[in-house]
>>> print(open('entry.csv').read())   # CSV, C-alpha atoms (C1' of nucleotides)
chain,number,residue,atom,x,y,z
A,68,MET,CA,24.6,-8.2,-26.5
A,69,HIS,CA,23.2,-11.7,-26.8
A,70,LEU,CA,25.0,-14.6,-25.2
A,71,VAL,CA,22.7,-17.1,-26.9
A,72,SER,CA,21.0,-16.7,-30.2
A,73,ARG,CA,17.3,-16.0,-30.6
A,74,SER,CA,16.8,-19.2,-32.5
A,75,SER,CA,18.3,-21.3,-29.8
A,76,ILE,CA,16.1,-19.7,-27.2
A,77,ILE,CA,13.1,-20.6,-29.4
A,78,ALA,CA,14.2,-24.2,-29.7
A,79,LEU,CA,14.6,-24.3,-26.0
A,80,VAL,CA,11.2,-23.0,-25.2
A,81,VAL,CA,9.6,-25.2,-27.7
A,82,ARG,CA,11.3,-28.2,-26.2
A,83,ASP,CA,10.1,-27.2,-22.8
A,84,SER,CA,6.5,-26.9,-24.0
A,85,ILE,CA,6.7,-30.3,-25.7
A,86,ARG,CA,8.0,-31.8,-22.5
A,87,ILE,CA,4.9,-30.4,-20.7
A,88,LEU,CA,2.7,-31.9,-23.4
A,89,GLN,CA,4.4,-35.3,-23.0
A,90,GLY,CA,4.2,-35.1,-19.3
A,91,GLN,CA,0.4,-34.9,-19.6
A,92,GLY,CA,0.4,-37.9,-21.9
A,93,TYR,CA,0.2,-36.0,-25.2
A,94,LYS,CA,2.5,-37.0,-28.1
A,95,ALA,CA,5.3,-34.8,-29.4
A,96,THR,CA,4.1,-34.6,-33.0
A,97,LYS,CA,5.5,-32.6,-35.9
A,98,PRO,CA,2.4,-30.4,-36.2
A,99,ARG,CA,2.5,-29.5,-32.6
A,100,LYS,CA,6.2,-28.6,-32.7
A,101,LEU,CA,5.6,-26.4,-35.8
A,102,VAL,CA,2.7,-24.5,-34.2
A,103,LEU,CA,4.7,-24.0,-31.0
A,104,GLU,CA,7.7,-22.7,-33.1
A,105,VAL,CA,5.6,-20.2,-35.0
A,106,LEU,CA,3.9,-18.9,-31.9
A,107,GLU,CA,7.2,-18.6,-30.1
A,108,GLU,CA,9.0,-16.8,-32.9
A,109,THR,CA,6.3,-14.5,-33.9
A,110,GLU,CA,5.5,-12.9,-30.5
A,111,LYS,CA,2.2,-11.5,-31.9
A,112,PRO,CA,-1.3,-12.8,-31.7
A,113,LEU,CA,-1.9,-15.2,-34.6
A,114,SER,CA,-5.2,-16.6,-35.8
A,115,PRO,CA,-5.3,-20.3,-36.9
A,116,TYR,CA,-5.2,-19.2,-40.5
A,117,ASP,CA,-2.3,-16.9,-39.8
A,118,ILE,CA,-0.3,-19.8,-38.6
A,119,LYS,CA,-1.4,-21.9,-41.5
A,120,GLY,CA,-0.2,-19.1,-43.9
A,121,ILE,CA,3.2,-18.7,-42.2
A,122,LEU,CA,3.9,-22.4,-42.3
A,123,ARG,CA,2.8,-22.7,-45.9
A,124,ALA,CA,5.2,-19.9,-46.8
A,125,ARG,CA,7.9,-22.1,-45.4
A,126,GLY,CA,6.8,-25.1,-47.4
A,127,LYS,CA,5.2,-26.8,-44.5
A,128,TYR,CA,1.5,-27.8,-44.8
A,129,LEU,CA,-0.9,-28.2,-41.9
A,130,ASN,CA,-4.6,-28.6,-42.3
A,131,HIS,CA,-6.5,-25.9,-40.5
A,132,VAL,CA,-8.5,-28.4,-38.5
A,133,THR,CA,-5.3,-29.7,-37.0
A,134,ILE,CA,-4.2,-26.2,-36.1
A,135,TYR,CA,-7.5,-25.5,-34.4
A,136,ARG,CA,-7.1,-28.7,-32.4
A,137,ILE,CA,-3.6,-27.9,-31.4
A,138,LEU,CA,-4.5,-24.4,-30.3
A,139,ASP,CA,-7.3,-25.8,-28.2
A,140,LEU,CA,-5.0,-28.2,-26.6
A,141,LEU,CA,-2.3,-25.6,-25.9
A,142,CYS,CA,-4.9,-23.3,-24.4
A,143,SER,CA,-6.3,-26.0,-22.2
A,144,LEU,CA,-2.8,-26.5,-20.8
A,145,ASN,CA,-2.2,-22.8,-20.4
A,146,LEU,CA,0.7,-23.0,-22.9
A,147,ALA,CA,-1.1,-20.5,-25.1
A,148,HIS,CA,-3.8,-17.9,-24.7
A,149,LYS,CA,-6.4,-16.3,-26.9
A,150,MET,CA,-6.2,-12.5,-26.8
A,151,LEU,CA,-9.2,-10.3,-26.5
A,152,SER,CA,-8.1,-7.5,-28.7
A,153,SER,CA,-7.4,-9.4,-31.8
A,154,GLY,CA,-8.8,-12.9,-31.2
A,155,GLY,CA,-5.4,-14.2,-32.0
A,156,PHE,CA,-3.4,-16.8,-30.1
A,157,VAL,CA,-0.1,-16.2,-28.3
A,158,LYS,CA,2.3,-18.4,-26.5
A,159,CYS,CA,2.4,-18.1,-22.8
A,160,SER,CA,5.6,-17.7,-20.9
A,161,LEU,CA,6.3,-20.7,-18.9
A,162,ASP,CA,6.9,-18.9,-15.7
A,163,ALA,CA,3.5,-17.3,-15.7
A,164,ILE,CA,1.8,-17.7,-12.4
A,165,GLU,CA,-0.8,-20.4,-12.3
A,166,GLY,CA,-4.2,-19.0,-13.0
A,167,CYS,CA,-3.1,-15.5,-13.7
A,168,HIS,CA,-2.0,-14.2,-17.1
A,169,ARG,CA,-1.2,-10.6,-17.8
A,170,PHE,CA,-0.4,-9.3,-21.3
A,171,MET,CA,0.6,-6.1,-22.7
A,172,VAL,CA,-0.2,-5.5,-26.3
A,173,CYS,CA,1.4,-2.6,-28.3
A,174,GLN,CA,-1.1,-0.9,-30.4
A,175,HIS,CA,1.6,0.2,-32.8
A,176,CYS,CA,3.9,-2.7,-33.4
A,177,GLY,CA,1.5,-5.4,-32.3
A,178,ALA,CA,4.0,-7.1,-30.1
A,179,ILE,CA,2.7,-8.8,-27.0
A,180,ARG,CA,4.6,-9.5,-23.8
A,181,GLU,CA,3.4,-11.6,-20.8
A,182,PHE,CA,4.2,-10.6,-17.3
A,183,ALA,CA,3.8,-12.5,-14.1
A,184,ASP,CA,3.4,-10.6,-10.9
A,185,LYS,CA,2.4,-12.6,-7.8
A,186,GLU,CA,1.5,-9.6,-5.7
A,187,LEU,CA,-0.7,-7.9,-8.2
A,188,CYS,CA,-2.3,-11.3,-8.8
A,189,GLN,CA,-3.0,-11.8,-5.2
A,190,GLU,CA,-4.5,-8.3,-4.8
A,191,GLU,CA,-6.8,-8.9,-7.7
A,192,ASN,CA,-8.0,-12.2,-6.2
A,193,ASP,CA,-8.6,-10.5,-2.8
A,194,PHE,CA,-10.6,-7.8,-4.6
A,195,ALA,CA,-12.8,-10.4,-6.2
A,196,GLN,CA,-13.1,-12.2,-2.9
A,197,ASP,CA,-14.5,-9.0,-1.4
A,198,PHE,CA,-17.4,-9.3,-3.7
A,199,GLY,CA,-17.9,-12.9,-2.8
A,200,PHE,CA,-16.4,-14.0,-6.0
A,201,HIS,CA,-14.2,-17.1,-6.1
A,202,THR,CA,-11.6,-16.7,-8.8
A,203,GLU,CA,-10.4,-19.8,-10.7
A,204,TYR,CA,-8.1,-17.8,-13.0
A,205,HIS,CA,-7.9,-14.4,-14.4
A,206,LEU,CA,-6.6,-12.7,-17.4
A,207,SER,CA,-5.6,-9.1,-17.8
A,208,GLU,CA,-4.9,-7.4,-21.1
A,209,PHE,CA,-3.2,-4.0,-21.4
A,210,SER,CA,-3.4,-2.1,-24.6
A,211,GLY,CA,-1.1,0.8,-25.2
A,212,LEU,CA,2.4,1.6,-26.5
A,213,CYS,CA,5.5,-0.4,-25.7
A,214,SER,CA,8.6,1.6,-24.6
A,215,GLN,CA,10.1,1.5,-28.1
A,216,CYS,CA,7.0,2.7,-29.9
A,217,TYR,CA,6.3,5.3,-27.3
A,218,ARG,CA,9.6,7.1,-27.9
A,219,LYS,CA,8.9,7.6,-31.6
B,298,MET,CA,-36.7,-5.4,-1.2
B,299,HIS,CA,-36.7,-3.4,-4.4
B,300,LEU,CA,-37.7,0.2,-4.3
B,301,VAL,CA,-37.7,0.4,-8.1
B,302,SER,CA,-38.6,-2.4,-10.5
B,303,ARG,CA,-35.9,-4.2,-12.5
B,304,SER,CA,-37.6,-3.1,-15.8
B,305,SER,CA,-37.6,0.5,-14.8
B,306,ILE,CA,-33.9,0.3,-14.1
B,307,ILE,CA,-33.3,-1.2,-17.5
B,308,ALA,CA,-35.3,1.6,-19.1
B,309,LEU,CA,-33.2,4.1,-17.3
B,310,VAL,CA,-29.9,2.6,-18.2
B,311,VAL,CA,-30.9,2.3,-21.8
B,312,ARG,CA,-32.0,5.9,-21.9
B,313,ASP,CA,-28.6,7.0,-20.5
B,314,SER,CA,-26.8,5.0,-23.1
B,315,ILE,CA,-29.0,6.5,-25.8
B,316,ARG,CA,-28.2,9.9,-24.5
B,317,ILE,CA,-24.5,9.2,-24.8
B,318,LEU,CA,-25.0,8.1,-28.3
B,319,GLN,CA,-26.9,11.2,-29.2
B,320,GLY,CA,-24.3,13.4,-27.5
B,321,GLN,CA,-21.7,12.0,-29.9
B,322,GLY,CA,-24.0,12.8,-32.9
B,323,TYR,CA,-25.4,9.3,-33.3
B,324,LYS,CA,-29.2,8.8,-33.8
B,325,ALA,CA,-31.5,7.2,-31.3
B,326,THR,CA,-32.8,4.4,-33.6
B,327,LYS,CA,-35.1,1.6,-32.7
B,328,PRO,CA,-32.5,-1.1,-33.5
B,329,ARG,CA,-30.0,0.5,-31.2
B,330,LYS,CA,-32.6,0.7,-28.4
B,331,LEU,CA,-33.5,-2.9,-28.9
B,332,VAL,CA,-29.9,-4.1,-28.7
B,333,LEU,CA,-29.2,-2.0,-25.6
B,334,GLU,CA,-32.3,-3.4,-23.9
B,335,VAL,CA,-31.3,-7.0,-24.6
B,336,LEU,CA,-27.8,-6.5,-23.4
B,337,GLU,CA,-28.9,-4.7,-20.3
B,338,GLU,CA,-31.6,-7.3,-19.4
B,339,THR,CA,-29.6,-10.4,-20.1
B,340,GLU,CA,-26.5,-9.7,-18.1
B,341,LYS,CA,-24.6,-12.4,-19.9
B,342,PRO,CA,-22.2,-12.3,-22.8
B,343,LEU,CA,-24.2,-12.5,-26.0
B,344,SER,CA,-23.1,-13.0,-29.6
B,345,PRO,CA,-24.7,-11.0,-32.4
B,346,TYR,CA,-26.8,-14.0,-33.3
B,347,ASP,CA,-27.8,-14.6,-29.7
B,348,ILE,CA,-29.2,-11.1,-29.7
B,349,LYS,CA,-30.9,-11.7,-33.0
B,350,GLY,CA,-32.5,-14.8,-31.6
B,351,ILE,CA,-33.7,-13.2,-28.4
B,352,LEU,CA,-35.3,-10.4,-30.4
B,353,ARG,CA,-36.9,-12.7,-32.9
B,354,ALA,CA,-38.5,-14.6,-30.0
B,355,ARG,CA,-40.2,-11.4,-29.1
B,356,GLY,CA,-41.4,-10.8,-32.6
B,357,LYS,CA,-38.8,-8.1,-33.3
B,358,TYR,CA,-36.7,-8.6,-36.3
B,359,LEU,CA,-33.2,-7.2,-36.8
B,360,ASN,CA,-30.8,-8.1,-39.6
B,361,HIS,CA,-27.6,-9.5,-38.3
B,362,VAL,CA,-25.5,-7.0,-40.2
B,363,THR,CA,-27.3,-4.2,-38.3
B,364,ILE,CA,-26.5,-6.0,-35.0
B,365,TYR,CA,-22.9,-6.3,-35.9
B,366,ARG,CA,-22.7,-2.6,-36.7
B,367,ILE,CA,-24.5,-1.6,-33.5
B,368,LEU,CA,-22.2,-3.7,-31.4
B,369,ASP,CA,-19.1,-2.2,-33.1
B,370,LEU,CA,-20.4,1.3,-32.3
B,371,LEU,CA,-21.2,0.5,-28.7
B,372,CYS,CA,-17.8,-1.0,-28.2
B,373,SER,CA,-16.1,2.0,-29.8
B,374,LEU,CA,-17.9,4.2,-27.2
B,375,ASN,CA,-17.1,1.9,-24.3
B,376,LEU,CA,-20.8,1.2,-23.9
B,377,ALA,CA,-20.2,-2.5,-24.5
B,378,HIS,CA,-17.3,-4.9,-24.3
B,379,LYS,CA,-16.4,-8.1,-26.0
B,380,MET,CA,-15.5,-10.7,-23.5
B,381,LEU,CA,-12.5,-12.9,-23.7
B,382,SER,CA,-13.8,-16.1,-22.3
B,383,SER,CA,-16.8,-16.4,-24.6
B,384,GLY,CA,-16.3,-13.8,-27.3
B,385,GLY,CA,-19.8,-12.5,-26.4
B,386,PHE,CA,-20.7,-8.9,-25.8
B,387,VAL,CA,-21.8,-7.3,-22.6
B,388,LYS,CA,-23.1,-3.9,-21.6
B,389,CYS,CA,-20.6,-1.9,-19.6
B,390,SER,CA,-21.7,-0.2,-16.5
B,391,LEU,CA,-21.8,3.6,-17.0
B,392,ASP,CA,-19.7,4.3,-14.0
B,393,ALA,CA,-16.8,2.2,-15.2
B,394,ILE,CA,-13.6,4.0,-14.9
B,395,GLU,CA,-12.3,5.4,-18.2
B,396,GLY,CA,-9.9,3.0,-19.8
B,397,CYS,CA,-10.2,0.2,-17.2
B,398,HIS,CA,-12.8,-2.5,-17.2
B,399,ARG,CA,-12.9,-5.3,-14.8
B,400,PHE,CA,-15.4,-8.2,-15.2
B,401,MET,CA,-16.2,-11.3,-13.2
B,402,VAL,CA,-17.7,-14.1,-15.1
B,403,CYS,CA,-19.3,-17.0,-13.3
B,404,GLN,CA,-18.4,-20.3,-14.8
B,405,HIS,CA,-21.6,-21.9,-13.5
B,406,CYS,CA,-24.4,-19.5,-14.2
B,407,GLY,CA,-22.7,-17.4,-16.8
B,408,ALA,CA,-23.6,-14.1,-15.2
B,409,ILE,CA,-21.1,-11.3,-15.6
B,410,ARG,CA,-20.6,-8.3,-13.4
B,411,GLU,CA,-18.5,-5.3,-14.0
B,412,PHE,CA,-16.6,-3.6,-11.3
B,413,ALA,CA,-14.7,-0.3,-11.2
B,414,ASP,CA,-11.9,0.1,-8.8
B,415,LYS,CA,-9.8,3.2,-9.2
B,416,GLU,CA,-7.0,2.1,-6.9
B,417,LEU,CA,-6.5,-1.3,-8.5
B,418,CYS,CA,-6.7,0.3,-11.9
B,419,GLN,CA,-4.0,2.7,-11.0
B,420,GLU,CA,-1.8,0.0,-9.5
B,421,GLU,CA,-2.0,-2.0,-12.7
B,422,ASN,CA,-1.1,1.0,-14.8
B,423,ASP,CA,1.9,1.7,-12.6
B,424,PHE,CA,2.9,-1.9,-12.9
B,425,ALA,CA,2.9,-1.6,-16.7
B,426,GLN,CA,4.7,1.7,-16.5
B,427,ASP,CA,7.5,0.0,-14.7
B,428,PHE,CA,8.1,-2.0,-17.8
B,429,GLY,CA,8.1,1.1,-19.9
B,430,PHE,CA,4.6,0.3,-21.2
B,431,HIS,CA,2.2,3.2,-21.6
B,432,THR,CA,-1.3,1.9,-21.1
B,433,GLU,CA,-4.2,3.3,-23.1
B,434,TYR,CA,-6.8,1.1,-21.6
B,435,HIS,CA,-7.0,-2.3,-19.9
B,436,LEU,CA,-9.3,-5.1,-19.5
B,437,SER,CA,-9.4,-7.6,-16.7
B,438,GLU,CA,-11.5,-10.7,-16.7
B,439,PHE,CA,-12.0,-13.0,-13.7
B,440,SER,CA,-13.3,-16.4,-14.2
B,441,GLY,CA,-14.7,-18.4,-11.3
B,442,LEU,CA,-17.8,-18.8,-9.2
B,443,CYS,CA,-20.1,-16.1,-8.0
B,444,SER,CA,-21.2,-16.1,-4.4
B,445,GLN,CA,-24.5,-17.7,-5.1
B,446,CYS,CA,-23.1,-20.5,-7.3
B,447,TYR,CA,-20.2,-21.1,-4.8
B,448,ARG,CA,-22.6,-21.9,-2.0
B,449,LYS,CA,-24.2,-24.7,-3.9
C,11,DT,C1',14.1,-52.8,-35.6
C,12,DA,C1',9.6,-54.3,-36.9
C,13,DG,C1',5.0,-54.5,-35.6
C,14,DC,C1',1.2,-52.9,-32.7
C,15,DT,C1',-2.2,-49.6,-31.0
C,16,DA,C1',-4.1,-45.6,-29.4
C,17,DA,C1',-3.6,-41.0,-30.5
C,18,DT,C1',-3.3,-37.7,-33.9
C,19,DT,C1',-3.9,-35.7,-38.4
C,20,DG,C1',-6.0,-34.9,-43.0
C,21,DC,C1',-9.9,-34.7,-45.7
C,22,DA,C1',-14.5,-33.5,-47.2
C,23,DA,C1',-18.6,-31.8,-46.2
C,24,DT,C1',-21.1,-28.5,-43.6
C,25,DA,C1',-22.2,-25.0,-40.3
C,26,DT,C1',-21.5,-20.7,-38.3
C,27,DT,C1',-19.9,-16.1,-38.1
C,28,DA,C1',-18.5,-11.9,-40.4
C,29,DT,C1',-18.1,-8.4,-44.2
C,30,DT,C1',-19.3,-5.6,-48.4
C,31,DG,C1',-21.8,-2.7,-51.7
C,32,DC,C1',-25.9,-0.8,-52.7
C,33,DA,C1',-31.0,0.1,-52.4
C,34,DT,C1',-34.4,1.5,-49.0
C,35,DT,C1',-35.9,3.5,-44.8
C,36,DT,C1',-35.8,6.6,-40.9
C,37,DA,C1',-34.4,10.2,-37.3
C,38,DG,C1',-33.7,14.7,-36.6
C,39,DT,C1',-34.0,19.0,-38.8
C,40,DT,C1',-36.0,22.9,-41.4
D,181,DA,C1',-44.7,18.1,-44.4
D,182,DA,C1',-40.4,17.9,-46.7
D,183,DC,C1',-35.6,17.3,-46.7
D,184,DT,C1',-31.1,15.0,-46.0
D,185,DA,C1',-27.6,12.6,-43.8
D,186,DA,C1',-27.4,8.6,-41.2
D,187,DA,C1',-28.8,4.1,-40.5
D,188,DT,C1',-30.9,-0.2,-41.8
D,189,DG,C1',-32.0,-4.3,-44.7
D,190,DC,C1',-30.9,-7.2,-48.3
D,191,DA,C1',-28.2,-10.3,-51.2
D,192,DA,C1',-24.1,-12.1,-52.1
D,193,DT,C1',-19.8,-13.5,-50.6
D,194,DA,C1',-15.9,-14.3,-47.6
D,195,DA,C1',-13.9,-15.9,-43.6
D,196,DT,C1',-13.8,-18.8,-39.7
D,197,DA,C1',-15.1,-23.0,-37.2
D,198,DT,C1',-16.9,-27.8,-36.5
D,199,DT,C1',-17.9,-32.8,-37.4
D,200,DG,C1',-17.3,-37.7,-38.6
D,201,DC,C1',-14.5,-40.8,-40.5
D,202,DA,C1',-10.4,-42.7,-43.0
D,203,DA,C1',-5.3,-42.5,-43.1
D,204,DT,C1',-1.1,-41.7,-40.7
D,205,DT,C1',2.1,-41.5,-36.9
D,206,DA,C1',4.4,-41.5,-32.1
D,207,DG,C1',5.6,-44.2,-28.5
D,208,DC,C1',5.5,-48.9,-27.0
D,209,DT,C1',6.7,-53.8,-26.9
D,210,DA,C1',8.7,-57.7,-28.3
>>> encode(input="entry.csv", output="structure tokens")
Amino acid sequence: MHLVSRSSIIALVVRDSIRILQGQGYKATKPRKLVLEVLEETEKPLSPYDIKGILRARGKYLNHVTIYRILDLLCSLNLAHKMLSSGGFVKCSLDAIEGCHRFMVCQHCGAIREFADKELCQEENDFAQDFGFHTEYHLSEFSGLCSQCYRK
Amino acid sequence: MHLVSRSSIIALVVRDSIRILQGQGYKATKPRKLVLEVLEETEKPLSPYDIKGILRARGKYLNHVTIYRILDLLCSLNLAHKMLSSGGFVKCSLDAIEGCHRFMVCQHCGAIREFADKELCQEENDFAQDFGFHTEYHLSEFSGLCSQCYRK
DNA sequence: TAGCTAATTGCAATATTATTGCATTTAGTT
DNA sequence: AACTAAATGCAATAATATTGCAATTAGCTA
């Protein structure tokens, strides 16, 4: 039961991200909106050329250089992340805890989900601290099966 | 105070890794020993071409294709890992817990260290389980400053 | 709303990284 | 020493990433 449509959620999240960009002095350009939309819709790690292909299939053309630069920007602002497993990029959830990003990647359907957990995050930081290591940010990637794929 | 020399430790670790390879039916070839040595000595994430360069500087030549294939093999056996931050490869410590690898990467000196912690690992898996996610393995990467670089 | 300007994008050229099929070599065995 | 499957090297190619500069555009300002 959905109270709001998927597409309206996407539009909302994209708008939020754009607002963050603007808040940092970056412009709300068409290419940036397009890349954010694709990342938000797809929910799977995408390479720059994946994104280019998806957009082209919709009749939208973006130069690959532009996509590289947009992804760099999004990552620098923690609005996107580069995944280890695939090398692809994913959109971060906006409520992710600063400096701590935890992803689960389903080996079967490829879907990724991001989770924020303050406690676990703190514990990990403490753990590092015990080794005299001062953590700036950390990234955790789980690989396995999501609940739906596990049942099959 | 070192009771054993650094180089003898490296030799030992390399030999252990080679033994694991042989145990799985893979041959103990010169190129594989060379790549393992470099990874073990360097303690920093290295790209295939980094490895090629280091070896060439020592008068050893390996084709880059060979290095790619060796790194693939090592990763598939959990003897090496590809790091998120740099995309470079690092040697895994042999005592790392099955399915759970935790690295700390110093942003200043670039050194990486792997840590195994059964409890933290279990906690993370439980956390995933709560979301209905069944973890096959996970990888955690801390980025920050090591104790030495922090003091400066 | 037109015009201005810095930021952003597109383009072309190039560099870097990765992959493939096949001939040659080598480790581990007999 | 000879054999054989496995591993490496080579050449060609594909895919991915980067750079400098010209053209365009978003967000201002008048």
>>> interface_residues(input="entry.csv", of="chain A", to="chain B", cutoff="10 Å", atoms="only C-alpha atoms", output="VMD selection string")
chain A and resid 149 to 152 154 166 to 174 182 184 187 190 to 192 194 to 196 198 to 217
>>> closest_atom_pairs(input="entry.csv", of="chain B", to="chain D", cutoff="12 Å", atoms="only C-alpha atoms (C1' of nucleotides)", output="CSV")
residue,atom,partner,partner_atom,distance
B:Gly322,CA,D:DA186,C1',9.9
B:Tyr323,CA,D:DA186,C1',8.2
B:Lys324,CA,D:DA186,C1',7.6
B:Ala325,CA,D:DA187,C1',10.1
B:Thr326,CA,D:DA187,C1',8.0
B:Lys327,CA,D:DT188,C1',10.2
B:Pro328,CA,D:DT188,C1',8.5
B:Arg329,CA,D:DA187,C1',10.0
B:Tyr358,CA,D:DG189,C1',10.5
B:Leu359,CA,D:DG189,C1',8.5
B:Asn360,CA,D:DG189,C1',6.5
B:His361,CA,D:DG189,C1',9.3
B:Val362,CA,D:DG189,C1',8.4
B:Thr363,CA,D:DT188,C1',6.4
B:Ile364,CA,D:DT188,C1',10.0
B:Tyr365,CA,D:DT188,C1',11.7
B:Arg366,CA,D:DA187,C1',9.8
B:Ile367,CA,D:DA187,C1',10.0
>>> write_last_selection(input="entry.csv", atoms="C-alpha atoms", output="short mmCIF file (atom, residue, chain, number, x, y, z; two decimals), in the frame of the given file")
data_model
loop_
_atom_site.label_atom_id
_atom_site.label_comp_id
_atom_site.auth_asym_id
_atom_site.auth_seq_id
_atom_site.Cartn_x
_atom_site.Cartn_y
_atom_site.Cartn_z
CA GLY B 322 -24.00 12.80 -32.90
CA TYR B 323 -25.40 9.30 -33.30
CA LYS B 324 -29.20 8.80 -33.80
CA ALA B 325 -31.50 7.20 -31.30
CA THR B 326 -32.80 4.40 -33.60
CA LYS B 327 -35.10 1.60 -32.70
CA PRO B 328 -32.50 -1.10 -33.50
CA ARG B 329 -30.00 0.50 -31.20
CA TYR B 358 -36.70 -8.60 -36.30
CA LEU B 359 -33.20 -7.20 -36.80
CA ASN B 360 -30.80 -8.10 -39.60
CA HIS B 361 -27.60 -9.50 -38.30
CA VAL B 362 -25.50 -7.00 -40.20
CA THR B 363 -27.30 -4.20 -38.30
CA ILE B 364 -26.50 -6.00 -35.00
CA TYR B 365 -22.90 -6.30 -35.90
CA ARG B 366 -22.70 -2.60 -36.70
CA ILE B 367 -24.50 -1.60 -33.50
#
>>> interface_residues(input="entry.csv", of="chain C", to="chain A", cutoff="8 Å", atoms="all atoms listed in the file", output="number ranges by chain")
C: 17, 19-20
>>> atom_distance(input="entry.csv", atom1="CA of Ser75 in chain A", atom2="CA of Leu113 in chain A")
21.6 Å
>>> atom_distance(input="entry.csv", atom1="CA of Ser114 in chain A", atom2="CA of His405 in chain B")
28.2 Å
>>> atom_distance(input="entry.csv", atom1="CA of Asp117 in chain A", atom2="C1' of DT26 in chain C")
19.6 Å
